[in-house]
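Asker: What follows is input.tsv; its format and atoms are TSV, C-alpha atoms.
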chain	number	residue	atom	x	y	z
A	452	MET	CA	-20.83	3.40	-2.72
A	453	GLU	CA	-21.82	6.81	-1.41
A	454	LEU	CA	-18.92	9.21	-1.92
A	455	ASP	CA	-19.00	10.14	1.78
A	456	LYS	CA	-18.07	6.53	2.61
A	457	CYS	CA	-15.18	6.43	0.10
A	458	ILE	CA	-11.89	6.87	1.97
A	459	ASN	CA	-10.13	8.31	-1.09
A	460	PHE	CA	-12.81	10.96	-1.59
A	461	LEU	CA	-12.90	11.87	2.11
A	462	LEU	CA	-9.12	12.14	2.33
A	463	SER	CA	-8.97	14.27	-0.83
A	464	THR	CA	-11.68	16.72	0.22
A	465	ALA	CA	-10.46	17.00	3.84
A	466	GLN	CA	-6.86	17.46	2.67
A	467	HIS	CA	-7.86	20.08	0.11
A	468	ASN	CA	-9.86	22.06	2.68
A	469	VAL	CA	-7.12	22.06	5.34
A	470	PHE	CA	-4.37	22.70	2.77
A	471	GLN	CA	-6.18	25.75	1.40
A	472	TYR	CA	-6.77	27.10	4.90
A	473	LEU	CA	-3.14	26.58	5.96
A	474	SER	CA	-1.86	28.05	2.66
A	475	GLY	CA	-3.76	31.23	3.46
A	476	ARG	CA	-2.38	31.40	6.99
A	477	LEU	CA	1.23	30.85	5.83
A	478	ALA	CA	1.03	33.23	2.85
A	479	SER	CA	1.99	36.28	4.95
A	480	HIS	CA	5.36	34.58	5.54
A	481	GLY	CA	5.77	33.72	1.85
A	482	ILE	CA	5.90	29.97	2.47
A	483	THR	CA	3.69	27.04	1.48
A	484	PRO	CA	2.55	24.02	3.54
A	485	GLY	CA	5.07	21.86	1.63
A	486	GLN	CA	7.88	24.26	2.46
A	487	TYR	CA	6.81	24.15	6.12
A	488	GLY	CA	7.40	20.40	5.99
A	489	VAL	CA	11.00	20.96	4.88
A	490	LEU	CA	11.52	23.67	7.51
A	491	ASN	CA	10.13	21.35	10.21
A	492	CYS	CA	12.62	18.60	9.27
A	493	LEU	CA	15.55	21.04	9.30
A	494	TRP	CA	14.52	22.80	12.53
A	495	THR	CA	14.74	19.33	14.12
A	496	HIS	CA	17.72	17.79	12.29
A	497	ARG	CA	19.67	20.96	11.31
A	498	GLU	CA	21.25	19.35	8.22
A	499	LEU	CA	19.85	16.70	5.87
A	500	THR	CA	20.36	15.36	2.35
A	501	PRO	CA	17.50	15.81	-0.14
A	502	LYS	CA	16.98	12.03	0.02
A	503	GLN	CA	16.54	12.14	3.82
A	504	ILE	CA	14.05	15.02	3.44
A	505	GLY	CA	12.07	12.98	0.90
A	506	GLU	CA	11.95	10.01	3.26
A	507	LEU	CA	10.76	12.13	6.19
A	508	LEU	CA	8.08	13.87	4.10
A	509	HIS	CA	7.03	10.86	1.94
A	510	LEU	CA	7.90	12.82	-1.22
A	511	GLU	CA	9.47	11.79	-4.52
A	512	ALA	CA	12.93	13.19	-5.36
A	513	SER	CA	11.54	15.51	-8.04
A	514	SER	CA	9.08	17.07	-5.56
A	515	VAL	CA	11.84	17.64	-3.00
A	516	SER	CA	14.07	19.17	-5.66
A	517	GLY	CA	11.33	21.64	-6.70
A	518	LEU	CA	10.62	22.60	-3.07
A	519	LEU	CA	14.33	23.18	-2.37
A	520	ASP	CA	14.78	25.29	-5.54
A	521	ARG	CA	12.01	27.65	-4.47
A	522	MET	CA	13.21	27.76	-0.83
A	523	GLN	CA	16.77	28.57	-1.93
A	524	LYS	CA	15.49	31.42	-4.13
A	525	ASN	CA	13.50	32.65	-1.12
A	526	ASP	CA	16.67	32.58	1.06
A	527	LEU	CA	15.31	29.87	3.41
A	528	ILE	CA	17.84	27.08	2.77
A	529	GLU	CA	21.39	26.60	1.55
A	530	ARG	CA	22.70	23.63	-0.41
A	531	THR	CA	26.37	22.74	0.04
A	532	VAL	CA	28.37	19.92	-1.53
A	533	ASP	CA	29.92	17.54	1.03
A	534	PRO	CA	33.72	18.07	0.66
A	535	GLU	CA	34.36	14.40	1.53
A	536	ASN	CA	31.89	13.04	-1.04
A	537	ARG	CA	31.12	15.47	-3.83
A	538	ARG	CA	28.06	13.46	-4.92
A	539	VAL	CA	26.34	14.29	-1.62
A	540	VAL	CA	24.45	17.57	-1.20
A	541	ARG	CA	23.64	18.79	2.31
A	542	VAL	CA	20.71	21.11	2.98
A	543	SER	CA	20.77	23.53	5.90
A	544	LEU	CA	18.77	26.55	7.08
A	545	THR	CA	19.51	30.24	6.66
A	546	GLN	CA	19.24	32.72	9.50
A	547	LYS	CA	15.94	33.89	7.97
A	548	ALA	CA	14.50	30.36	8.31
A	549	LEU	CA	15.66	30.18	11.94
A	550	ASP	CA	14.16	33.59	12.70
A	551	ILE	CA	10.66	32.70	11.44
A	552	GLN	CA	10.46	29.41	13.38
A	553	PRO	CA	8.41	30.76	16.36
A	554	SER	CA	5.88	32.55	14.13
A	555	ILE	CA	5.42	29.57	11.83
A	556	GLU	CA	5.10	27.10	14.70
A	557	GLN	CA	2.42	29.29	16.24
A	558	ILE	CA	0.45	29.24	12.97
A	559	ILE	CA	0.74	25.43	12.80
A	560	ASP	CA	-0.37	25.02	16.43
A	561	GLU	CA	-3.35	27.31	15.83
A	562	MET	CA	-4.26	25.53	12.57
A	563	ASN	CA	-4.16	22.13	14.29
A	564	ALA	CA	-6.26	23.33	17.22
A	565	HIS	CA	-8.80	24.98	14.90
A	566	VAL	CA	-9.20	21.97	12.57
A	567	LEU	CA	-9.56	19.54	15.49
A	568	GLU	CA	-11.58	21.77	17.85
A	569	THR	CA	-14.95	20.13	17.23
A	570	PHE	CA	-13.67	16.64	18.18
A	571	SER	CA	-13.34	14.94	21.57
A	572	PRO	CA	-9.83	13.96	22.77
A	573	ALA	CA	-10.62	10.31	21.91
A	574	GLU	CA	-11.76	11.25	18.38
A	575	ARG	CA	-8.62	13.33	17.83
A	576	GLU	CA	-6.42	10.48	18.98
A	577	THR	CA	-8.18	7.99	16.67
A	578	LEU	CA	-8.07	10.39	13.70
A	579	LEU	CA	-4.34	11.13	14.06
A	580	CYS	CA	-3.43	7.47	14.68
A	581	THR	CA	-5.47	6.05	11.80
A	582	LEU	CA	-4.12	8.69	9.40
A	583	SER	CA	-0.58	7.87	10.50
A	584	VAL	CA	-1.18	4.15	9.86
A	585	ILE	CA	-2.61	4.88	6.39
A	586	SER	CA	0.32	7.21	5.59
A	587	ASN	CA	2.91	4.60	6.50
A	588	ARG	CA	1.35	1.47	5.01
A	589	VAL	CA	2.61	-0.04	1.79
A	590	LEU	CA	-0.63	-0.42	-0.20
A	591	ASN	CA	-0.50	-2.95	-3.00
B	310	MET	CA	5.25	20.21	16.63
B	311	GLU	CA	6.16	16.73	15.49
B	312	LEU	CA	5.04	16.29	11.88
B	313	ASP	CA	3.11	13.15	12.83
B	314	LYS	CA	0.85	15.30	15.04
B	315	CYS	CA	0.24	17.91	12.30
B	316	ILE	CA	-3.19	17.32	10.75
B	317	ASN	CA	-2.18	18.93	7.44
B	318	PHE	CA	0.87	16.69	7.09
B	319	LEU	CA	-1.06	13.54	8.05
B	320	LEU	CA	-3.91	14.31	5.63
B	321	SER	CA	-1.44	15.06	2.82
B	322	THR	CA	0.62	11.89	3.25
B	323	ALA	CA	-2.41	9.62	3.79
B	324	GLN	CA	-4.21	11.15	0.80
B	325	HIS	CA	-1.13	10.82	-1.42
B	326	ASN	CA	-0.66	7.16	-0.47
B	327	VAL	CA	-4.30	6.17	-1.05
B	328	PHE	CA	-4.57	8.28	-4.23
B	329	GLN	CA	-1.48	6.62	-5.74
B	330	TYR	CA	-2.82	3.17	-4.86
B	331	LEU	CA	-6.28	3.87	-6.29
B	332	SER	CA	-4.77	5.47	-9.41
B	333	GLY	CA	-2.92	2.22	-10.08
B	334	ARG	CA	-6.05	0.13	-9.57
B	335	LEU	CA	-8.14	2.33	-11.90
B	336	ALA	CA	-5.48	2.68	-14.61
B	337	SER	CA	-6.57	-0.51	-16.39
B	338	HIS	CA	-9.92	1.23	-17.06
B	339	GLY	CA	-8.21	4.42	-18.25
B	340	ILE	CA	-9.80	6.57	-15.55
B	341	THR	CA	-8.42	8.57	-12.62
B	342	PRO	CA	-9.74	8.90	-9.03
B	343	GLY	CA	-11.04	12.38	-9.89
B	344	GLN	CA	-12.93	11.01	-12.91
B	345	TYR	CA	-14.39	8.30	-10.66
B	346	GLY	CA	-15.86	11.12	-8.54
B	347	VAL	CA	-17.67	12.53	-11.59
B	348	LEU	CA	-18.86	9.07	-12.65
B	349	ASN	CA	-20.15	8.41	-9.13
B	350	CYS	CA	-22.22	11.63	-9.18
B	351	LEU	CA	-23.67	10.81	-12.61
B	352	TRP	CA	-24.38	7.14	-11.83
B	353	THR	CA	-26.53	8.49	-8.97
B	354	HIS	CA	-28.06	11.64	-10.50
B	355	ARG	CA	-27.98	10.74	-14.25
B	356	GLU	CA	-27.70	14.36	-15.40
B	357	LEU	CA	-26.02	17.34	-13.73
B	358	THR	CA	-24.63	20.77	-14.58
B	359	PRO	CA	-20.86	21.32	-14.16
B	360	LYS	CA	-21.69	23.60	-11.23
B	361	GLN	CA	-23.65	20.85	-9.47
B	362	ILE	CA	-20.76	18.41	-10.03
B	363	GLY	CA	-18.33	20.93	-8.51
B	364	GLU	CA	-20.56	21.31	-5.44
B	365	LEU	CA	-20.86	17.54	-4.94
B	366	LEU	CA	-17.10	17.00	-5.35
B	367	HIS	CA	-15.90	20.19	-3.54
B	368	LEU	CA	-14.02	21.25	-6.71
B	369	GLU	CA	-13.45	24.64	-8.33
B	370	ALA	CA	-15.09	25.27	-11.72
B	371	SER	CA	-11.73	25.11	-13.55
B	372	SER	CA	-11.00	21.66	-12.08
B	373	VAL	CA	-14.44	20.35	-13.11
B	374	SER	CA	-13.98	21.76	-16.60
B	375	GLY	CA	-10.61	19.99	-17.01
B	376	LEU	CA	-12.03	16.68	-15.73
B	377	LEU	CA	-15.02	16.91	-18.11
B	378	ASP	CA	-12.78	17.75	-21.10
B	379	ARG	CA	-10.72	14.60	-20.57
B	380	MET	CA	-13.78	12.45	-19.89
B	381	GLN	CA	-15.49	13.68	-23.05
B	382	LYS	CA	-12.37	12.85	-25.10
B	383	ASN	CA	-12.39	9.40	-23.48
B	384	ASP	CA	-16.07	8.91	-24.47
B	385	LEU	CA	-17.30	8.76	-20.85
B	386	ILE	CA	-19.59	11.81	-20.77
B	387	GLU	CA	-21.60	14.00	-23.12
B	388	ARG	CA	-22.23	17.73	-22.74
B	389	THR	CA	-25.45	19.11	-24.19
B	390	VAL	CA	-26.80	22.65	-24.17
B	391	ASP	CA	-30.19	22.98	-22.47
B	392	PRO	CA	-32.60	23.96	-25.30
B	393	GLU	CA	-34.67	26.05	-22.86
B	394	ASN	CA	-31.70	28.00	-21.49
B	395	ARG	CA	-28.70	28.00	-23.79
B	396	ARG	CA	-26.38	29.22	-21.01
B	397	VAL	CA	-26.90	25.92	-19.14
B	398	VAL	CA	-24.81	22.86	-20.03
B	399	ARG	CA	-26.02	19.45	-18.93
B	400	VAL	CA	-23.58	16.56	-18.42
B	401	SER	CA	-24.70	12.96	-18.88
B	402	LEU	CA	-23.06	9.53	-19.21
B	403	THR	CA	-22.27	7.55	-22.33
B	404	GLN	CA	-23.09	3.86	-22.68
B	405	LYS	CA	-19.38	3.14	-22.09
B	406	ALA	CA	-19.57	4.88	-18.67
B	407	LEU	CA	-22.70	2.90	-17.76
B	408	ASP	CA	-21.05	-0.37	-18.83
B	409	ILE	CA	-17.98	0.04	-16.61
B	410	GLN	CA	-19.98	0.91	-13.47
B	411	PRO	CA	-19.91	-2.61	-11.91
B	412	SER	CA	-16.15	-3.07	-12.48
B	413	ILE	CA	-15.27	0.38	-11.13
B	414	GLU	CA	-17.52	0.02	-8.09
B	415	GLN	CA	-15.86	-3.30	-7.30
B	416	ILE	CA	-12.42	-1.63	-7.40
B	417	ILE	CA	-13.66	1.15	-5.09
B	418	ASP	CA	-15.17	-1.36	-2.63
B	419	GLU	CA	-11.94	-3.37	-2.60
B	420	MET	CA	-9.80	-0.23	-2.17
B	421	ASN	CA	-11.93	0.94	0.76
B	422	ALA	CA	-11.83	-2.48	2.44
B	423	HIS	CA	-8.06	-2.77	1.92
B	424	VAL	CA	-7.21	0.72	3.24
B	425	LEU	CA	-9.43	0.27	6.31
B	426	GLU	CA	-8.76	-3.41	7.01
B	427	THR	CA	-6.38	-2.85	9.92
B	428	PHE	CA	-8.92	-0.78	11.89
B	429	SER	CA	-11.72	-1.81	14.24
B	430	PRO	CA	-15.33	-0.94	13.26
B	431	ALA	CA	-15.29	1.88	15.84
B	432	GLU	CA	-12.02	3.29	14.46
B	433	ARG	CA	-13.39	3.18	10.90
B	434	GLU	CA	-16.54	4.99	11.96
B	435	THR	CA	-14.56	7.70	13.77
B	436	LEU	CA	-12.13	8.12	10.86
B	437	LEU	CA	-14.88	8.48	8.23
B	438	CYS	CA	-17.00	10.80	10.39
B	439	THR	CA	-14.14	13.10	11.42
B	440	LEU	CA	-12.90	13.34	7.81
B	441	SER	CA	-16.42	14.17	6.66
B	442	VAL	CA	-16.67	16.95	9.28
B	443	ILE	CA	-13.28	18.39	8.22
B	444	SER	CA	-14.28	18.21	4.53
B	445	ASN	CA	-17.50	20.12	5.09
B	446	ARG	CA	-16.36	22.79	7.55
B	447	VAL	CA	-15.75	26.35	6.47
B	448	LEU	CA	-12.27	27.01	7.91
B	449	ASN	CA	-11.39	30.66	8.41
So that I can check it, write out the structure of this file as structure tokens.
Answerer:
Amino acid sequence: MELDKCINFLLSTAQHNVFQYLSGRLASHGITPGQYGVLNCLWTHRELTPKQIGELLHLEASSVSGLLDRMQKNDLIERTVDPENRRVVRVSLTQKALDIQPSIEQIIDEMNAHVLETFSPAERETLLCTLSVISNRVLN
Amino acid sequence: MELDKCINFLLSTAQHNVFQYLSGRLASHGITPGQYGVLNCLWTHRELTPKQIGELLHLEASSVSGLLDRMQKNDLIERTVDPENRRVVRVSLTQKALDIQPSIEQIIDEMNAHVLETFSPAERETLLCTLSVISNRVLN
């Protein structure tokens, strides 16, 4: 098979290209694309457990834990133990993370528009829908 | 923006899902999806420099070097110094890498068919073409 017909190769190279571009755009705010994912979840839900964050972002527990460690050091999130169940940790945002929301969302909007700008509305719709299906399927 | 409209998030989660699935399928042959990329280039071109492999696979030199180190240890490739220009290394396949070509290509064909099976021919075409455009664009 030609590599440019291999869905794994195409996803890897497209993801790498967009990830590098977005990393550069977000660097001035000191956050990574993965950290944006966590911020997005918490801007919407305000407070979540690490397990809920992992489910929303399709990430393993160890990946979430590493992201949260770095975000706590960077004063973006707080972790508090639930007083009613001390095995449960709750993650919430700092004021700093609330303050940067408009700037970060503008970068994400611009990134999306730039990456998709060469496609027709129908092509964009098909691309986003098919990627969402692939993301959510159990492949085995 | 909803995460399921963010092209970076969708590419990352779709790529992760397909990569994990393909990794599992290739594990019985002791190779990774990245190593399959190198094999694919060499099955087609027979002999390449590390730089040419990096260009074909959209990978940085350090990533190619790491892949080739592991493939050489696993007796899949050979690196020889060009006798006419000793600064040029040429990468070629071992007999072992030639022998596994039919089995690996069958796994790749099956993976592609499985990942794309829920889509119409038009959706598949749009997905592959739009991913190829995103992979090959210079984003800045």
Asker: Residues of chain B were defined as contacting chain A if any atom lay at most 6 Å from it, counting all atoms listed in the file; please report them as a PyMOL selection string.
Answerer: chain B and resi 319-324+436+440+443-444
Asker: Could you please determine the separation between CA of Ser429 in chain B and CA of Leu335 in chain B in Å, to one decimal place?
Answerer: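 These atoms are spaced 26.7 Å apart.
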Asker: Can you tell me how far CA of Pro534 in chain A sits from CA of Ile551 in chain A, in Å to one decimal?
Answerer: 29.4 Å
Asker: Just how far from CA of Val373 in chain B is CA of Pro359 in chain B, in Å to one decimal?
Answerer: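 Value for the CA of Pro359 in chain B-CA of Val373 in chain B distance: 6.6 Å.
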Asker: Which polymer residues have any atom within 9 Å of an atom of Arg388 in chain B, counting all atoms listed in the file, with same-chain residues fewer than 6 positions away left out, as a PyMOL selection string?
Answerer: chain B and resi 377+381+398-402
Asker: I'd like to know which of A:Lys524, A:His480, A:Arg497, A:Arg537 is closest to Ile558 in chain A, using all atoms listed in the file.
Answerer: A:His480
Asker: Using all atoms listed in the file for the distances, tell me which of A:Val539, A:Asp520, A:Ala548, A:Leu527 is nearest to Lys502 in chain A.
Answerer: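 For Lys502 in chain A, the nearest of the given residues is A:Val539.
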